[in-house]
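Encoded as structure tokens, the structure appears first; notes follow it.
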Amino acid sequence: NLVNLSESEVEDIMTPRSDIISLAVDAPLLEAKKLILKSGFSKIPLYQEALDNIRGYINIKEVLANCNDASNQKINEKMIRQTLFIPANMKVLDLIIMMRNSKNHIAIIVDEYGGTDGLVTMSDLVDDMVGEIEQSEIKLVGDKFYQVSARVKISEVEERFNLSLNGKSDDDYDT
């Protein structure tokens with residue numbers, strides 16, 4: 001994985017827009033706390049009016065330090081941390097360097113129109129380098145049936161089931 005890192009692009013490892021868990025920038029802290037606990041993520045992007053207008057992100061530490069269950073307090077500017085905004089074709093290695101230098105752990109991938117295309121976290125980068133630590137996205141759900149996430153690369157399915165699905169061209173599809 002480390003050998004291929006210099007050739008990998010951010011869009012290969014990003015969380016697509018449809019899977020981003022986010023919160024309105026003016027949401028109550030209690031709502032942020034519930035979302036963080038439900039999602040299991042320690043950082044949640046904040047948007048204003050629409051997901052294409054990301055204002056930053058909130059960290060679980062800020063939420064827990066400022067939230068009690070009886071409060072109607074809202075997220076304030078001091079709690080919001082800045083994100084990086086990058087193109088989808090940026091090299092993963094360049095993003096790692098950028099994140100390290102900026103001490104930022106979230107990058108928003110923007111499309112050619114400035115809209116939100118996806119999200120990459122430092123955790124995604126580490127997973128790309130050392131392999132996913134979480135459970136497999138290929139699960140046995142019966143005697144002869146498997147549930148396969150649409151995010152699984154064709155090469156992983158081929159390797160797991162000793163198949164050849166790719167045909168002659170790798171450029172036609174990724175998953």
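Scheme for the structure tokens: letters A, B, ... for chains in order shown; per-chain residue numbers from 1; ligand numbers from 1 in order shown.
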Report as a tab-separated table (two decimals) with N, CA, C and O atoms, in the first residue's frame: the residues of chain A with a DSSP assignment of helix (DSSP H, G or I), based on the backbone of this structure.
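The resulting file, selection-v7.tsv, is reproduced below:
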chain	number	residue	atom	x	y	z
A	4	ASN	N	2.16	2.08	-3.51
A	4	ASN	CA	1.14	2.66	-4.38
A	4	ASN	C	0.66	4.04	-3.92
A	4	ASN	O	-0.06	4.71	-4.66
A	5	LEU	N	1.07	4.44	-2.74
A	5	LEU	CA	0.60	5.69	-2.16
A	5	LEU	C	0.91	6.91	-3.03
A	5	LEU	O	0.10	7.81	-3.16
A	6	SER	N	2.07	6.92	-3.65
A	6	SER	CA	2.45	8.09	-4.45
A	6	SER	C	1.58	8.26	-5.68
A	6	SER	O	1.47	9.34	-6.23
A	10	VAL	N	-6.92	11.31	-4.08
A	10	VAL	CA	-7.86	11.47	-2.97
A	10	VAL	C	-9.22	10.87	-3.29
A	10	VAL	O	-9.85	10.26	-2.44
A	11	GLU	N	-9.69	11.01	-4.54
A	11	GLU	CA	-11.01	10.50	-4.88
A	11	GLU	C	-11.10	8.98	-4.72
A	11	GLU	O	-12.19	8.43	-4.58
A	12	ASP	N	-9.96	8.29	-4.72
A	12	ASP	CA	-9.94	6.84	-4.56
A	12	ASP	C	-10.29	6.41	-3.14
A	12	ASP	O	-10.72	5.28	-2.92
A	17	ARG	N	-20.05	12.19	-1.11
A	17	ARG	CA	-21.01	13.19	-0.60
A	17	ARG	C	-22.24	12.51	0.02
A	17	ARG	O	-22.71	12.92	1.09
A	18	SER	N	-22.76	11.50	-0.63
A	18	SER	CA	-23.99	10.86	-0.15
A	18	SER	C	-23.81	10.17	1.20
A	18	SER	O	-24.80	9.91	1.89
A	19	ASP	N	-22.57	9.89	1.59
A	19	ASP	CA	-22.31	9.20	2.87
A	19	ASP	C	-21.79	10.13	3.96
A	19	ASP	O	-21.49	9.68	5.06
A	29	LEU	N	-26.02	22.23	20.56
A	29	LEU	CA	-24.93	21.32	20.96
A	29	LEU	C	-25.46	19.93	21.32
A	29	LEU	O	-24.80	18.93	21.08
A	30	LEU	N	-26.65	19.87	21.89
A	30	LEU	CA	-27.22	18.58	22.26
A	30	LEU	C	-27.45	17.72	21.01
A	30	LEU	O	-27.20	16.51	21.04
A	31	GLU	N	-27.86	18.35	19.92
A	31	GLU	CA	-28.03	17.62	18.66
A	31	GLU	C	-26.68	17.13	18.13
A	31	GLU	O	-26.56	16.00	17.64
A	32	ALA	N	-25.65	17.95	18.26
A	32	ALA	CA	-24.30	17.56	17.84
A	32	ALA	C	-23.82	16.36	18.67
A	32	ALA	O	-23.25	15.41	18.14
A	33	LYS	N	-24.08	16.41	19.97
A	33	LYS	CA	-23.67	15.32	20.85
A	33	LYS	C	-24.36	14.01	20.45
A	33	LYS	O	-23.72	12.96	20.34
A	34	LYS	N	-25.66	14.08	20.20
A	34	LYS	CA	-26.41	12.88	19.81
A	34	LYS	C	-25.89	12.32	18.48
A	34	LYS	O	-25.75	11.11	18.32
A	35	LEU	N	-25.60	13.20	17.52
A	35	LEU	CA	-25.10	12.75	16.22
A	35	LEU	C	-23.73	12.11	16.34
A	35	LEU	O	-23.46	11.07	15.71
A	36	ILE	N	-22.86	12.69	17.14
A	36	ILE	CA	-21.52	12.13	17.35
A	36	ILE	C	-21.62	10.76	18.00
A	36	ILE	O	-20.96	9.81	17.58
A	37	LEU	N	-22.46	10.63	19.01
A	37	LEU	CA	-22.61	9.34	19.69
A	37	LEU	C	-23.23	8.29	18.77
A	37	LEU	O	-22.82	7.13	18.78
A	38	LYS	N	-24.21	8.70	17.96
A	38	LYS	CA	-24.87	7.76	17.05
A	38	LYS	C	-23.94	7.33	15.92
A	38	LYS	O	-23.88	6.15	15.58
A	39	SER	N	-23.19	8.26	15.35
A	39	SER	CA	-22.35	7.95	14.19
A	39	SER	C	-21.04	7.29	14.58
A	39	SER	O	-20.48	6.53	13.79
A	60	ILE	N	-15.47	16.27	18.88
A	60	ILE	CA	-16.18	15.71	20.04
A	60	ILE	C	-15.73	16.35	21.34
A	60	ILE	O	-16.53	16.54	22.26
A	61	LYS	N	-14.46	16.72	21.43
A	61	LYS	CA	-13.95	17.35	22.66
A	61	LYS	C	-14.67	18.67	22.95
A	61	LYS	O	-15.01	18.96	24.09
A	62	GLU	N	-14.88	19.46	21.90
A	62	GLU	CA	-15.59	20.74	22.06
A	62	GLU	C	-17.04	20.52	22.47
A	62	GLU	O	-17.57	21.24	23.31
A	63	VAL	N	-17.65	19.52	21.86
A	63	VAL	CA	-19.06	19.24	22.17
A	63	VAL	C	-19.21	18.79	23.61
A	63	VAL	O	-20.03	19.34	24.36
A	64	LEU	N	-18.42	17.83	24.01
A	64	LEU	CA	-18.55	17.29	25.37
A	64	LEU	C	-18.16	18.31	26.44
A	64	LEU	O	-18.74	18.34	27.52
A	65	ALA	N	-17.20	19.16	26.15
A	65	ALA	CA	-16.76	20.16	27.11
A	65	ALA	C	-17.81	21.27	27.31
A	65	ALA	O	-17.85	21.89	28.37
A	66	ASN	N	-18.65	21.50	26.32
A	66	ASN	CA	-19.58	22.62	26.37
A	66	ASN	C	-21.05	22.24	26.44
A	66	ASN	O	-21.92	23.10	26.46
A	77	GLU	N	-18.84	30.13	17.20
A	77	GLU	CA	-17.66	30.27	16.33
A	77	GLU	C	-16.38	29.74	16.96
A	77	GLU	O	-15.52	29.22	16.26
A	78	LYS	N	-16.23	29.87	18.27
A	78	LYS	CA	-15.01	29.41	18.94
A	78	LYS	C	-14.86	27.89	18.86
A	78	LYS	O	-13.75	27.37	18.95
A	79	MET	N	-15.96	27.17	18.71
A	79	MET	CA	-15.92	25.71	18.66
A	79	MET	C	-15.61	25.17	17.26
A	79	MET	O	-15.23	24.03	17.11
A	92	VAL	N	-2.68	11.52	-2.75
A	92	VAL	CA	-2.84	11.21	-1.34
A	92	VAL	C	-1.61	11.64	-0.55
A	92	VAL	O	-1.73	12.21	0.53
A	93	LEU	N	-0.44	11.40	-1.10
A	93	LEU	CA	0.79	11.77	-0.41
A	93	LEU	C	0.86	13.29	-0.18
A	93	LEU	O	1.26	13.73	0.90
A	94	ASP	N	0.44	14.07	-1.16
A	94	ASP	CA	0.41	15.53	-1.00
A	94	ASP	C	-0.57	15.94	0.10
A	94	ASP	O	-0.30	16.87	0.87
A	95	LEU	N	-1.70	15.25	0.17
A	95	LEU	CA	-2.68	15.57	1.21
A	95	LEU	C	-2.15	15.24	2.60
A	95	LEU	O	-2.36	16.00	3.55
A	96	ILE	N	-1.45	14.13	2.72
A	96	ILE	CA	-0.86	13.77	4.02
A	96	ILE	C	0.08	14.87	4.49
A	96	ILE	O	0.03	15.30	5.65
A	97	ILE	N	0.92	15.35	3.59
A	97	ILE	CA	1.86	16.42	3.94
A	97	ILE	C	1.09	17.69	4.31
A	97	ILE	O	1.41	18.35	5.30
A	98	MET	N	0.07	18.02	3.53
A	98	MET	CA	-0.73	19.22	3.80
A	98	MET	C	-1.42	19.12	5.15
A	98	MET	O	-1.44	20.08	5.92
A	99	MET	N	-1.99	17.96	5.46
A	99	MET	CA	-2.68	17.78	6.74
A	99	MET	C	-1.69	17.87	7.89
A	99	MET	O	-1.98	18.47	8.93
A	100	ARG	N	-0.54	17.28	7.72
A	100	ARG	CA	0.47	17.32	8.79
A	100	ARG	C	0.92	18.75	9.04
A	100	ARG	O	1.00	19.19	10.18
A	101	ASN	N	1.20	19.49	7.98
A	101	ASN	CA	1.68	20.87	8.13
A	101	ASN	C	0.61	21.80	8.71
A	101	ASN	O	0.92	22.71	9.46
A	102	SER	N	-0.66	21.58	8.35
A	102	SER	CA	-1.74	22.44	8.83
A	102	SER	C	-2.34	21.96	10.15
A	102	SER	O	-3.16	22.65	10.73
A	122	MET	N	-7.99	11.98	8.34
A	122	MET	CA	-6.69	11.37	8.59
A	122	MET	C	-6.85	9.86	8.78
A	122	MET	O	-6.02	9.08	8.35
A	123	SER	N	-7.95	9.44	9.36
A	123	SER	CA	-8.23	8.01	9.54
A	123	SER	C	-8.33	7.29	8.19
A	123	SER	O	-7.83	6.18	8.04
A	124	ASP	N	-8.96	7.94	7.19
A	124	ASP	CA	-9.04	7.36	5.85
A	124	ASP	C	-7.65	7.17	5.26
A	124	ASP	O	-7.37	6.16	4.61
A	125	LEU	N	-6.78	8.13	5.49
A	125	LEU	CA	-5.41	8.06	4.97
A	125	LEU	C	-4.63	6.93	5.62
A	125	LEU	O	-3.91	6.19	4.95
A	126	VAL	N	-4.78	6.80	6.93
A	126	VAL	CA	-4.10	5.72	7.65
A	126	VAL	C	-4.63	4.37	7.17
A	126	VAL	O	-3.85	3.44	6.92
A	127	ASP	N	-5.95	4.25	7.00
A	127	ASP	CA	-6.53	3.01	6.50
A	127	ASP	C	-5.98	2.66	5.12
A	127	ASP	O	-5.74	1.50	4.81
A	128	ASP	N	-5.79	3.67	4.28
A	128	ASP	CA	-5.27	3.45	2.94
A	128	ASP	C	-3.83	2.94	3.00
A	128	ASP	O	-3.42	2.12	2.18
A	129	MET	N	-3.06	3.41	3.97
A	129	MET	CA	-1.66	3.01	4.08
A	129	MET	C	-1.49	1.63	4.69
A	129	MET	O	-0.70	0.82	4.22
A	130	VAL	N	-2.21	1.36	5.76
A	130	VAL	CA	-1.98	0.12	6.51
A	130	VAL	C	-3.11	-0.90	6.36
A	130	VAL	O	-3.03	-1.99	6.91
A	154	ILE	N	-13.23	-3.97	-7.15
A	154	ILE	CA	-13.40	-5.20	-7.93
A	154	ILE	C	-12.24	-6.16	-7.66
A	154	ILE	O	-12.45	-7.37	-7.53
A	155	SER	N	-11.04	-5.63	-7.57
A	155	SER	CA	-9.86	-6.49	-7.34
A	155	SER	C	-9.99	-7.27	-6.02
A	155	SER	O	-9.55	-8.42	-5.94
A	156	GLU	N	-10.60	-6.66	-5.00
A	156	GLU	CA	-10.79	-7.36	-3.73
A	156	GLU	C	-11.79	-8.50	-3.87
A	156	GLU	O	-11.61	-9.58	-3.31
A	157	VAL	N	-12.88	-8.27	-4.62
A	157	VAL	CA	-13.88	-9.31	-4.85
A	157	VAL	C	-13.25	-10.45	-5.66
A	157	VAL	O	-13.44	-11.63	-5.34
A	158	GLU	N	-12.49	-10.10	-6.68
A	158	GLU	CA	-11.83	-11.12	-7.50
A	158	GLU	C	-10.89	-11.98	-6.67
A	158	GLU	O	-10.89	-13.20	-6.79
A	159	GLU	N	-10.12	-11.33	-5.82
A	159	GLU	CA	-9.17	-12.06	-4.98
A	159	GLU	C	-9.88	-12.96	-3.99
A	159	GLU	O	-9.52	-14.12	-3.80
A	160	ARG	N	-10.91	-12.43	-3.35
A	160	ARG	CA	-11.63	-13.17	-2.31
A	160	ARG	C	-12.32	-14.42	-2.87
A	160	ARG	O	-12.35	-15.47	-2.24
A	161	PHE	N	-12.90	-14.29	-4.09
A	161	PHE	CA	-13.69	-15.39	-4.65
A	161	PHE	C	-13.01	-16.08	-5.83
A	161	PHE	O	-13.64	-16.88	-6.51
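For segment 23-84 of chain A, the set of residues given strand (DSSP E) by DSSP on the backbone reads A:Leu23, A:Ala24, A:Lys43, A:Ile44, A:Pro45, A:Leu46, A:Tyr47, A:Gln48, A:Ala50, A:Leu51, A:Asp52, A:Asn53, A:Ile54, A:Arg55, A:Gly56, A:Tyr57, A:Ile58, A:Asn59, A:Leu84.
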List as an mmCIF file with N, CA and C atoms, in the first residue's frame the protein and nucleic acid residues near Val25 of chain A, meaning an atom at most 10 Å away when only C-alpha atoms are counted, but skip any in the same chain fewer than 4 places from it.
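around.cif, written as the output of this step:
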data_model
loop_
_atom_site.group_PDB
_atom_site.id
_atom_site.type_symbol
_atom_site.label_atom_id
_atom_site.label_comp_id
_atom_site.auth_asym_id
_atom_site.auth_seq_id
_atom_site.Cartn_x
_atom_site.Cartn_y
_atom_site.Cartn_z
ATOM 1 N N ALA A 32 -25.652 17.953 18.264
ATOM 2 C CA ALA A 32 -24.300 17.557 17.840
ATOM 3 C C ALA A 32 -23.818 16.365 18.670
ATOM 4 N N PRO A 45 -18.521 17.504 10.070
ATOM 5 C CA PRO A 45 -18.521 18.737 9.273
ATOM 6 C C PRO A 45 -19.782 19.562 9.543
ATOM 7 N N LEU A 46 -19.612 20.868 9.494
ATOM 8 C CA LEU A 46 -20.713 21.799 9.710
ATOM 9 C C LEU A 46 -20.981 22.557 8.420
ATOM 10 N N TYR A 47 -22.249 22.649 8.046
ATOM 11 C CA TYR A 47 -22.613 23.369 6.822
ATOM 12 C C TYR A 47 -23.577 24.498 7.158
ATOM 13 N N GLN A 48 -23.607 25.479 6.267
ATOM 14 C CA GLN A 48 -24.573 26.569 6.389
ATOM 15 C C GLN A 48 -25.515 26.507 5.198
ATOM 16 N N GLU A 49 -26.759 26.209 5.450
ATOM 17 C CA GLU A 49 -27.842 26.103 4.480
ATOM 18 C C GLU A 49 -27.785 24.844 3.612
ATOM 19 N N ILE A 54 -19.703 24.250 3.315
ATOM 20 C CA ILE A 54 -19.083 23.756 4.547
ATOM 21 C C ILE A 54 -18.380 24.918 5.240
ATOM 22 N N ARG A 55 -18.647 25.093 6.527
ATOM 23 C CA ARG A 55 -18.063 26.192 7.306
ATOM 24 C C ARG A 55 -16.888 25.723 8.152
ATOM 25 N N GLY A 56 -16.754 24.422 8.354
ATOM 26 C CA GLY A 56 -15.703 23.866 9.196
ATOM 27 C C GLY A 56 -16.197 22.556 9.792
ATOM 28 N N TYR A 57 -15.640 22.207 10.933
ATOM 29 C CA TYR A 57 -16.106 20.989 11.615
ATOM 30 C C TYR A 57 -16.057 21.203 13.117
ATOM 31 N N ILE A 58 -16.773 20.353 13.817
ATOM 32 C CA ILE A 58 -16.765 20.395 15.276
ATOM 33 C C ILE A 58 -16.194 19.078 15.776
ATOM 34 N N LYS A 74 -26.155 26.651 21.475
ATOM 35 C CA LYS A 74 -25.858 26.321 20.084
ATOM 36 C C LYS A 74 -24.354 26.309 19.859
ATOM 37 N N ILE A 75 -23.957 25.734 18.757
ATOM 38 C CA ILE A 75 -22.554 25.734 18.365
ATOM 39 C C ILE A 75 -22.141 27.189 18.143
ATOM 40 N N ASN A 76 -20.992 27.583 18.673
ATOM 41 C CA ASN A 76 -20.531 28.957 18.455
ATOM 42 C C ASN A 76 -19.215 28.954 17.671
ATOM 43 N N GLU A 77 -18.842 30.127 17.203
ATOM 44 C CA GLU A 77 -17.664 30.269 16.328
ATOM 45 C C GLU A 77 -16.385 29.738 16.957
ATOM 46 N N ILE A 80 -15.796 25.992 16.241
ATOM 47 C CA ILE A 80 -15.668 25.539 14.856
ATOM 48 C C ILE A 80 -14.208 25.559 14.427
#
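Between atom CA of Leu119 of chain A and atom CA of Ile106 of chain A the separation is 7.2 Å.
Atom CA of Ile20 of chain A sits 12.1 Å away from atom CA of Ala107 of chain A.
One finds atom CA of Asn53 of chain A at 13.1 Å from atom CA of Asp26 of chain A.
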